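Shown below: start-v6.txt, with compact mmCIF, C-alpha atoms.
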# COMPACT_ATOMS: atom_id res chain seq x y z
CA MET A 11 0.00 0.00 0.00
CA LYS A 12 1.28 3.47 -0.87
CA SER A 13 2.52 5.54 2.03
CA LYS A 14 0.31 8.47 2.99
CA SER A 15 2.90 10.45 4.91
CA ARG A 16 1.89 14.06 4.36
CA LEU A 17 5.16 15.86 4.90
CA GLY A 18 7.43 12.91 4.31
CA ARG A 19 10.34 11.98 2.11
CA GLY A 20 8.77 13.48 -1.00
CA ILE A 21 8.80 17.03 0.28
CA ASP A 22 12.11 16.52 2.06
CA ALA A 23 13.71 15.63 -1.26
CA ILE A 24 13.04 19.13 -2.57
CA PHE A 25 12.82 21.32 0.51
CA ALA A 26 15.20 19.60 2.92
CA ASP A 27 16.33 22.82 4.59
CA SER A 28 12.76 23.94 5.20
CA VAL A 29 11.03 20.86 6.58
CA GLN A 30 13.63 18.69 8.30
CA GLU A 31 13.27 18.32 12.04
CA ASP A 32 15.53 20.91 13.64
CA GLY A 33 14.52 20.89 17.25
CA THR A 34 11.78 23.49 16.80
CA LEU A 35 9.38 23.43 19.74
CA VAL A 36 5.65 23.12 19.38
CA VAL A 37 4.00 26.30 20.67
CA GLU A 38 0.35 27.10 21.32
CA ILE A 39 -0.86 30.08 19.31
CA PRO A 40 -4.23 31.82 19.86
CA VAL A 41 -6.62 30.87 17.08
CA ASP A 42 -7.37 34.51 16.21
CA GLU A 43 -3.67 35.11 15.45
CA ILE A 44 -3.63 32.43 12.73
CA TYR A 45 -4.96 32.84 9.19
CA PRO A 46 -5.12 30.54 6.13
CA ASN A 47 -2.73 30.73 3.19
CA PRO A 48 -4.70 32.83 0.66
CA ILE A 49 -3.25 31.00 -2.36
CA GLN A 50 -3.39 27.39 -1.23
CA PRO A 51 -4.66 24.95 -3.92
CA ARG A 52 -7.72 23.57 -2.15
CA LYS A 53 -10.66 25.84 -2.93
CA SER A 54 -13.32 24.05 -0.88
CA PHE A 55 -13.53 21.87 2.22
CA ASP A 56 -15.88 18.98 2.98
CA GLU A 57 -18.00 20.17 5.90
CA LYS A 58 -18.74 16.62 7.03
CA THR A 59 -15.09 15.61 7.32
CA ILE A 60 -14.25 18.88 9.08
CA ALA A 61 -17.03 18.17 11.59
CA GLU A 62 -15.72 14.62 12.14
CA LEU A 63 -12.20 15.92 12.69
CA ALA A 64 -13.52 18.57 15.11
CA ALA A 65 -15.29 15.86 17.14
CA SER A 66 -12.06 13.85 17.29
CA ILE A 67 -10.09 16.91 18.43
CA LYS A 68 -12.64 17.57 21.18
CA SER A 69 -12.18 14.02 22.46
CA HIS A 70 -8.46 13.47 21.96
CA GLY A 71 -6.92 16.87 21.26
CA LEU A 72 -4.92 17.85 18.16
CA ILE A 73 -2.40 15.04 17.65
CA SER A 74 -0.40 16.65 14.83
CA PRO A 75 0.47 20.39 15.09
CA ILE A 76 0.02 22.71 12.16
CA LEU A 77 2.94 24.37 10.36
CA VAL A 78 2.93 28.18 10.25
CA ARG A 79 5.22 31.12 9.57
CA ARG A 80 5.17 34.51 11.26
CA THR A 81 4.01 37.48 9.17
CA ASN A 82 4.13 40.75 11.10
CA THR A 83 1.95 40.17 14.18
CA ARG A 84 0.09 37.08 12.91
CA TYR A 85 0.83 33.58 11.64
CA GLU A 86 0.11 32.23 8.15
CA ILE A 87 -0.69 28.54 7.73
CA ILE A 88 1.75 26.62 5.55
CA ALA A 89 0.34 23.15 6.20
CA GLY A 90 -2.70 22.07 8.20
CA GLU A 91 -5.66 24.25 7.24
CA ARG A 92 -8.13 21.38 7.72
CA ARG A 93 -6.87 20.93 11.28
CA PHE A 94 -7.11 24.70 11.80
CA GLN A 95 -10.71 24.82 10.58
CA ALA A 96 -11.63 21.82 12.73
CA CYS A 97 -10.03 23.39 15.81
CA LYS A 98 -12.09 26.54 15.27
CA LEU A 99 -15.24 24.44 14.93
CA ALA A 100 -14.34 22.55 18.10
CA GLY A 101 -13.94 25.81 20.00
CA ILE A 102 -10.20 25.37 20.62
CA GLN A 103 -8.70 28.67 21.77
CA LYS A 104 -5.01 27.86 21.21
CA ILE A 105 -3.66 25.63 18.45
CA PRO A 106 -0.41 23.60 18.77
CA SER A 107 1.86 24.92 16.02
CA ILE A 108 5.38 24.67 14.66
CA VAL A 109 6.72 28.07 13.58
CA ARG A 110 9.21 28.14 10.73
CA ASP A 111 10.97 31.07 9.05
CA ILE A 112 10.23 30.21 5.42
CA PRO A 113 10.33 32.58 2.38
CA ASP A 114 7.21 33.17 0.29
CA ALA A 115 8.15 30.86 -2.58
CA GLU A 116 9.15 28.00 -0.26
CA ALA A 117 5.96 28.38 1.77
CA PHE A 118 3.80 28.24 -1.34
CA LYS A 119 5.54 25.15 -2.68
CA ILE A 120 5.23 23.32 0.63
CA SER A 121 1.55 24.24 0.88
CA LEU A 122 0.90 22.93 -2.62
CA ILE A 123 2.71 19.66 -2.08
CA GLU A 124 1.20 19.05 1.36
CA ASN A 125 -2.26 19.39 -0.15
CA LEU A 126 -1.38 17.15 -3.09
CA GLN A 127 -0.10 14.44 -0.76
CA ARG A 128 -3.40 14.44 1.12
CA GLU A 129 -5.05 13.01 -2.03
CA ASP A 130 -8.34 14.83 -1.45
CA LEU A 131 -8.07 17.67 -3.95
CA ASN A 132 -10.53 17.54 -6.83
CA PRO A 133 -8.94 16.70 -10.22
CA MET A 134 -8.77 20.32 -11.39
CA GLU A 135 -7.25 21.58 -8.12
CA GLU A 136 -4.64 18.85 -8.46
CA SER A 137 -3.94 19.70 -12.11
CA GLU A 138 -3.64 23.41 -11.36
CA ALA A 139 -1.28 22.72 -8.44
CA TYR A 140 1.03 20.62 -10.62
CA TYR A 141 0.95 23.29 -13.32
CA THR A 142 1.87 26.00 -10.81
CA LEU A 143 4.80 23.96 -9.52
CA LYS A 144 6.04 23.57 -13.09
CA GLU A 145 5.41 27.05 -14.46
CA GLN A 146 6.04 29.23 -11.41
CA PHE A 147 8.75 27.24 -9.66
CA GLY A 148 10.40 25.38 -12.55
CA LEU A 149 10.01 21.84 -11.21
CA THR A 150 10.12 19.03 -13.74
CA HIS A 151 7.39 16.42 -14.01
CA GLN A 152 9.73 13.90 -12.40
CA GLU A 153 10.53 16.20 -9.46
CA ILE A 154 6.83 16.84 -8.85
CA ALA A 155 6.08 13.12 -9.03
CA ALA A 156 8.83 12.34 -6.51
CA ALA A 157 7.53 15.01 -4.14
CA VAL A 158 3.92 13.75 -4.14
CA LEU A 159 4.86 10.05 -4.30
CA LYS A 160 3.12 9.37 -7.61
CA ASP A 161 4.16 8.11 -11.04
CA ARG A 162 5.44 10.74 -13.45
CA SER A 163 2.83 9.69 -16.03
CA THR A 164 0.08 10.37 -13.46
CA VAL A 165 1.37 13.91 -12.93
CA THR A 166 1.78 14.48 -16.68
CA ASN A 167 -1.73 13.28 -17.54
CA SER A 168 -3.21 15.38 -14.75
CA MET A 169 -1.50 18.51 -16.07
CA ARG A 170 -3.11 18.04 -19.50
CA LEU A 171 -6.49 18.94 -17.95
CA ILE A 172 -5.29 22.56 -17.87
CA HIS A 173 -5.95 22.73 -21.63
CA LEU A 174 -9.68 21.95 -21.32
CA PRO A 175 -12.29 24.68 -21.93
CA GLU A 176 -13.38 26.41 -18.73
CA GLU A 177 -16.85 24.85 -18.91
CA VAL A 178 -15.33 21.36 -18.87
CA LYS A 179 -13.00 22.30 -16.02
CA GLN A 180 -15.93 23.51 -13.95
CA ALA A 181 -17.89 20.31 -14.63
CA LEU A 182 -14.88 18.34 -13.40
CA ARG A 183 -14.57 20.49 -10.27
CA GLU A 184 -18.23 19.94 -9.46
CA GLY A 185 -18.09 16.19 -10.05
CA MET A 186 -20.45 16.28 -13.04
CA ILE A 187 -17.85 14.34 -15.05
CA THR A 188 -14.86 12.18 -14.10
CA THR A 189 -11.21 12.49 -15.01
CA GLY A 190 -11.75 9.68 -17.54
CA HIS A 191 -14.48 11.73 -19.24
CA ALA A 192 -12.22 14.78 -19.30
CA ARG A 193 -9.36 12.87 -20.91
CA ALA A 194 -11.73 11.53 -23.55
CA ILE A 195 -12.91 15.08 -24.26
CA LEU A 196 -9.28 16.05 -24.87
CA MET A 197 -9.25 13.62 -27.80
CA VAL A 198 -11.55 16.04 -29.68
CA GLU A 199 -9.55 18.80 -31.36
CA SER A 200 -11.98 21.71 -31.57
CA GLY A 201 -13.25 23.64 -28.57
CA SER A 202 -16.80 23.59 -29.90
CA GLY A 203 -16.59 19.82 -30.32
CA GLN A 204 -15.32 19.43 -26.75
CA LEU A 205 -18.24 21.45 -25.39
CA ALA A 206 -20.71 19.49 -27.51
CA LEU A 207 -19.33 16.25 -26.10
CA LEU A 208 -19.54 17.63 -22.55
CA ASN A 209 -23.22 18.42 -23.06
CA ARG A 210 -23.84 14.92 -24.39
CA ILE A 211 -22.05 13.33 -21.41
CA VAL A 212 -24.21 15.28 -18.95
CA SER A 213 -27.54 14.95 -20.78
CA GLN A 214 -27.15 11.24 -21.62
CA SER A 215 -25.13 10.13 -18.57
CA LEU A 216 -22.47 8.61 -20.81
CA SER A 217 -19.87 6.24 -19.38
CA VAL A 218 -16.18 6.89 -20.03
CA ARG A 219 -16.08 4.17 -22.72
CA GLU A 220 -19.14 5.62 -24.44
CA THR A 221 -17.55 9.06 -24.31
CA GLU A 222 -14.37 7.71 -25.92
CA ARG A 223 -16.43 6.17 -28.74
CA PHE A 224 -18.26 9.44 -29.34
CA ALA A 225 -14.93 11.33 -29.29
CA SER A 226 -13.55 8.94 -31.90
CA GLY A 227 -16.74 9.23 -33.96
CA MET A 228 -16.54 13.02 -33.98
CA ASP A 229 -13.01 12.76 -35.37
CA ASN A 230 -14.22 10.37 -38.08
CA LYS A 231 -16.93 12.87 -39.11
CA ASP A 232 -14.28 15.55 -39.49
CA LYS A 233 -12.25 13.19 -41.68
CA LYS A 234 -15.22 12.53 -43.96
CA LYS A 235 -15.83 16.26 -44.37
CA LYS A 236 -12.24 16.63 -45.50
CA GLY A 237 -12.59 13.73 -47.94
CA VAL A 238 -10.17 11.46 -46.10
CA LYS A 239 -10.66 7.76 -46.65
CA LYS A 240 -12.01 5.89 -43.63
CA ALA A 241 -9.28 4.02 -41.75
CA ASP A 242 -9.04 0.25 -41.61
CA PRO A 243 -10.75 -1.05 -38.40
CA TYR A 244 -7.53 -2.71 -37.27
CA PHE A 245 -5.51 0.50 -37.53
CA ASP A 246 -8.41 2.44 -36.04
CA HIS A 247 -8.16 0.14 -33.02
CA LEU A 248 -4.40 0.71 -32.78
CA SER A 249 -5.01 4.45 -32.98
CA THR A 250 -7.43 4.24 -30.06
CA LEU A 251 -4.99 2.23 -27.94
CA LEU A 252 -2.18 4.73 -28.53
CA SER A 253 -4.49 7.69 -27.99
CA GLU A 254 -5.44 6.33 -24.58
CA LYS A 255 -1.83 5.51 -23.70
CA LEU A 256 -0.46 8.93 -24.65
CA SER A 257 -3.59 10.97 -23.82
CA ALA A 258 -3.39 12.58 -27.26
CA LYS A 259 -4.99 12.07 -30.66
CA VAL A 260 -3.00 9.41 -32.53
CA ILE A 261 -3.62 8.19 -36.10
CA CYS A 262 -2.13 4.91 -37.36
CA ASP A 263 -2.24 4.39 -41.12
CA TRP A 264 -0.89 1.88 -43.66
CA ARG A 265 -0.56 2.54 -47.37
CA LYS A 266 0.88 -0.08 -49.76
CA ARG A 267 4.19 -1.17 -48.21
CA LYS A 268 4.67 1.40 -45.53
CA GLY A 269 2.79 2.98 -42.67
CA LYS A 270 2.93 5.96 -40.36
CA ILE A 271 1.90 7.03 -36.89
CA VAL A 272 0.78 10.64 -36.50
CA ILE A 273 0.56 12.14 -33.01
CA ASN A 274 -1.34 15.44 -32.86
CA VAL A 275 -0.18 17.98 -30.29
CA SER A 276 -1.50 21.43 -29.46
CA SER A 277 1.55 22.95 -27.79
CA ARG A 278 5.29 22.54 -27.20
CA ASP A 279 4.50 21.47 -23.65
CA GLU A 280 2.33 18.66 -24.93
CA LEU A 281 5.03 17.62 -27.40
CA SER A 282 7.56 17.58 -24.56
CA ARG A 283 5.19 15.50 -22.42
CA ILE A 284 4.69 12.88 -25.14
CA VAL A 285 8.42 12.60 -25.87
CA ALA A 286 9.01 12.17 -22.13
CA GLU A 287 6.27 9.53 -21.99
CA ILE A 288 7.83 7.54 -24.83
CA CYS A 289 11.47 7.95 -23.78
CA GLU A 290 10.73 7.72 -20.02
CA GLN A 291 12.71 10.86 -19.29
CA GLU A 292 12.20 14.61 -19.36
CA ALA A 293 12.38 15.98 -22.91
CA PRO A 294 14.75 18.95 -23.58
CA ILE A 295 12.14 20.94 -25.50

Rewrite the structure from the file as structure tokens, please.
Amino acid sequence: MKSKSRLGRGIDAIFADSVQEDGTLVVEIPVDEIYPNPIQPRKSFDEKTIAELAASIKSHGLISPILVRRTNTRYEIIAGERRFQACKLAGIQKIPSIVRDIPDAEAFKISLIENLQREDLNPMEESEAYYTLKEQFGLTHQEIAAAVLKDRSTVTNSMRLIHLPEEVKQALREGMITTGHARAILMVESGSGQLALLNRIVSQSLSVRETERFASGMDNKDKKKKGVKKADPYFDHLSTLLSEKLSAKVICDWRKRKGKIVINVSSRDELSRIVAEICEQEAPI
């Protein structure tokens, strides 16, 4: 079973100086002197789980202190906002805390990774957090994967969700569609086609497999409009397998004595991701 250590070896590998045990004492800080990180990745909290945690804290106290940093006369949460919210709900007046002197960038990265390791972000929050770590802090897909204790391909596929239309992203945030649905929608090239498929998923309660078939069918319609000959069923099947593997539109074709595989990409980042997926290393693109 995968380890669920929240601030474990993954974070230590990147931020060793910031999160290693250094003899810092746990201090009790008044609850009104603590405030949440305004840019943390989790946008919403499950009220039921917060209430359950609050009940546990009332009975047994807060077992694991929160991590904060001092900002002027108050303390900003770096890790542990769920525990903070539960303590407030439980009526706790002072919260056990570890105070660390951590710069803005380090604090943000630790907050992102701590939330990712909890495994309770919705798919879009997770995708956006990975993307921020890559774009704002320059971490590679492999470094992110090591920090959150996941496969690099999992991180890479999650980041692709950033390229969905906003309407699809919101449906994913709200649980109207699954990650599998979203990845199938990415197989459709045009934005209008992606939105049309989203509407069909919601109105007809399509399964992921049904969505993939519709996505493939929409591509075939586009081919017919362009006068392209319909692909052989065998190569169509191979195209589908590769499309699912690479999370990109792939076309396998065979003409006379030679064939070709065409992988469609929409950005240099996507090209880099696919090269990394095939070569099993970060692509220098």

Nearby residues (only C-alpha atoms) at most 12 Å from Ala181 of chain A, same-chain spacing under 5 positions excluded, as a ChimeraX atom specification: /A:132-134,171,174-176,186-189,191-192,205,208-209,211-212

Would you be able to write out as a PDB file with C-alpha atoms, in the frame of the given file which residues have an atom within 7 Å of (-0.3, 23.5, 2.0) in the file's coordinates, counting only C-alpha atoms?
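Output (point-v7.pdb):
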ATOM      1  CA  GLN A  50      -3.390  27.390  -1.230  1.00  0.00           C
ATOM      2  CA  ILE A  88       1.750  26.620   5.550  1.00  0.00           C
ATOM      3  CA  ALA A  89       0.340  23.150   6.200  1.00  0.00           C
ATOM      4  CA  GLY A  90      -2.700  22.070   8.200  1.00  0.00           C
ATOM      5  CA  ILE A 120       5.230  23.320   0.630  1.00  0.00           C
ATOM      6  CA  SER A 121       1.550  24.240   0.880  1.00  0.00           C
ATOM      7  CA  LEU A 122       0.900  22.930  -2.620  1.00  0.00           C
ATOM      8  CA  ILE A 123       2.710  19.660  -2.080  1.00  0.00           C
ATOM      9  CA  GLU A 124       1.200  19.050   1.360  1.00  0.00           C
ATOM     10  CA  ASN A 125      -2.260  19.390  -0.150  1.00  0.00           C
TER      11      ASN A 125
END

Draw an axis-aligned box over all listed atoms of segment 198-208 of chain A, pad each side with 5 Å, and write its centre and edge lengths in Å, one decimal, as lines of an AutoDock Vina configuration file.
center_x = -15.1
center_y = 19.8
center_z = -27.1
size_x = 21.2
size_y = 17.6
size_z = 19.0

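Of the listed residues A:Arg193, A:Gly201, A:Phe245, A:Glu136, the one whose atoms come nearest to Thr221 of chain A is A:Arg193, with distances taken using only C-alpha atoms.
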
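For the pair atom CA of Lys144 of chain A and atom CA of Asn274 of chain A, the separation is 22.6 Å.
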
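The coordinates place atom CA of Arg92 of chain A at 20.0 Å from atom CA of Glu184 of chain A.
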
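Remark: for Ala61 of chain A, the closest of the candidate residues A:Gly101, A:Pro243, A:Gly269, A:Pro113 is A:Gly101 (distances computed over only C-alpha atoms).
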
Judged by all atoms listed in the file, the minimum distance to Asp279 of chain A among A:Lys259, A:Arg183, A:Arg170, A:Arg267 is found for A:Arg170

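Near segment 74-85 of chain A, within a cut-off of 9 Å and counting all atoms listed in the file, sit the residues Val36, Val37, Ile39, Asp42, Glu43, Ile44, Tyr45, Pro46, Glu91, Arg93, Phe94, Ile105, Pro106, Ser107, Ile108, Val109, Arg110, Asp111, Ile112, Pro113 and Ala117 of chain A, with same-chain residues fewer than 6 positions away left out.
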
Distance of atom CA of Tyr244 of chain A from atom CA of Ile273 of chain A, expressed in Å to one decimal place: 17.4 Å
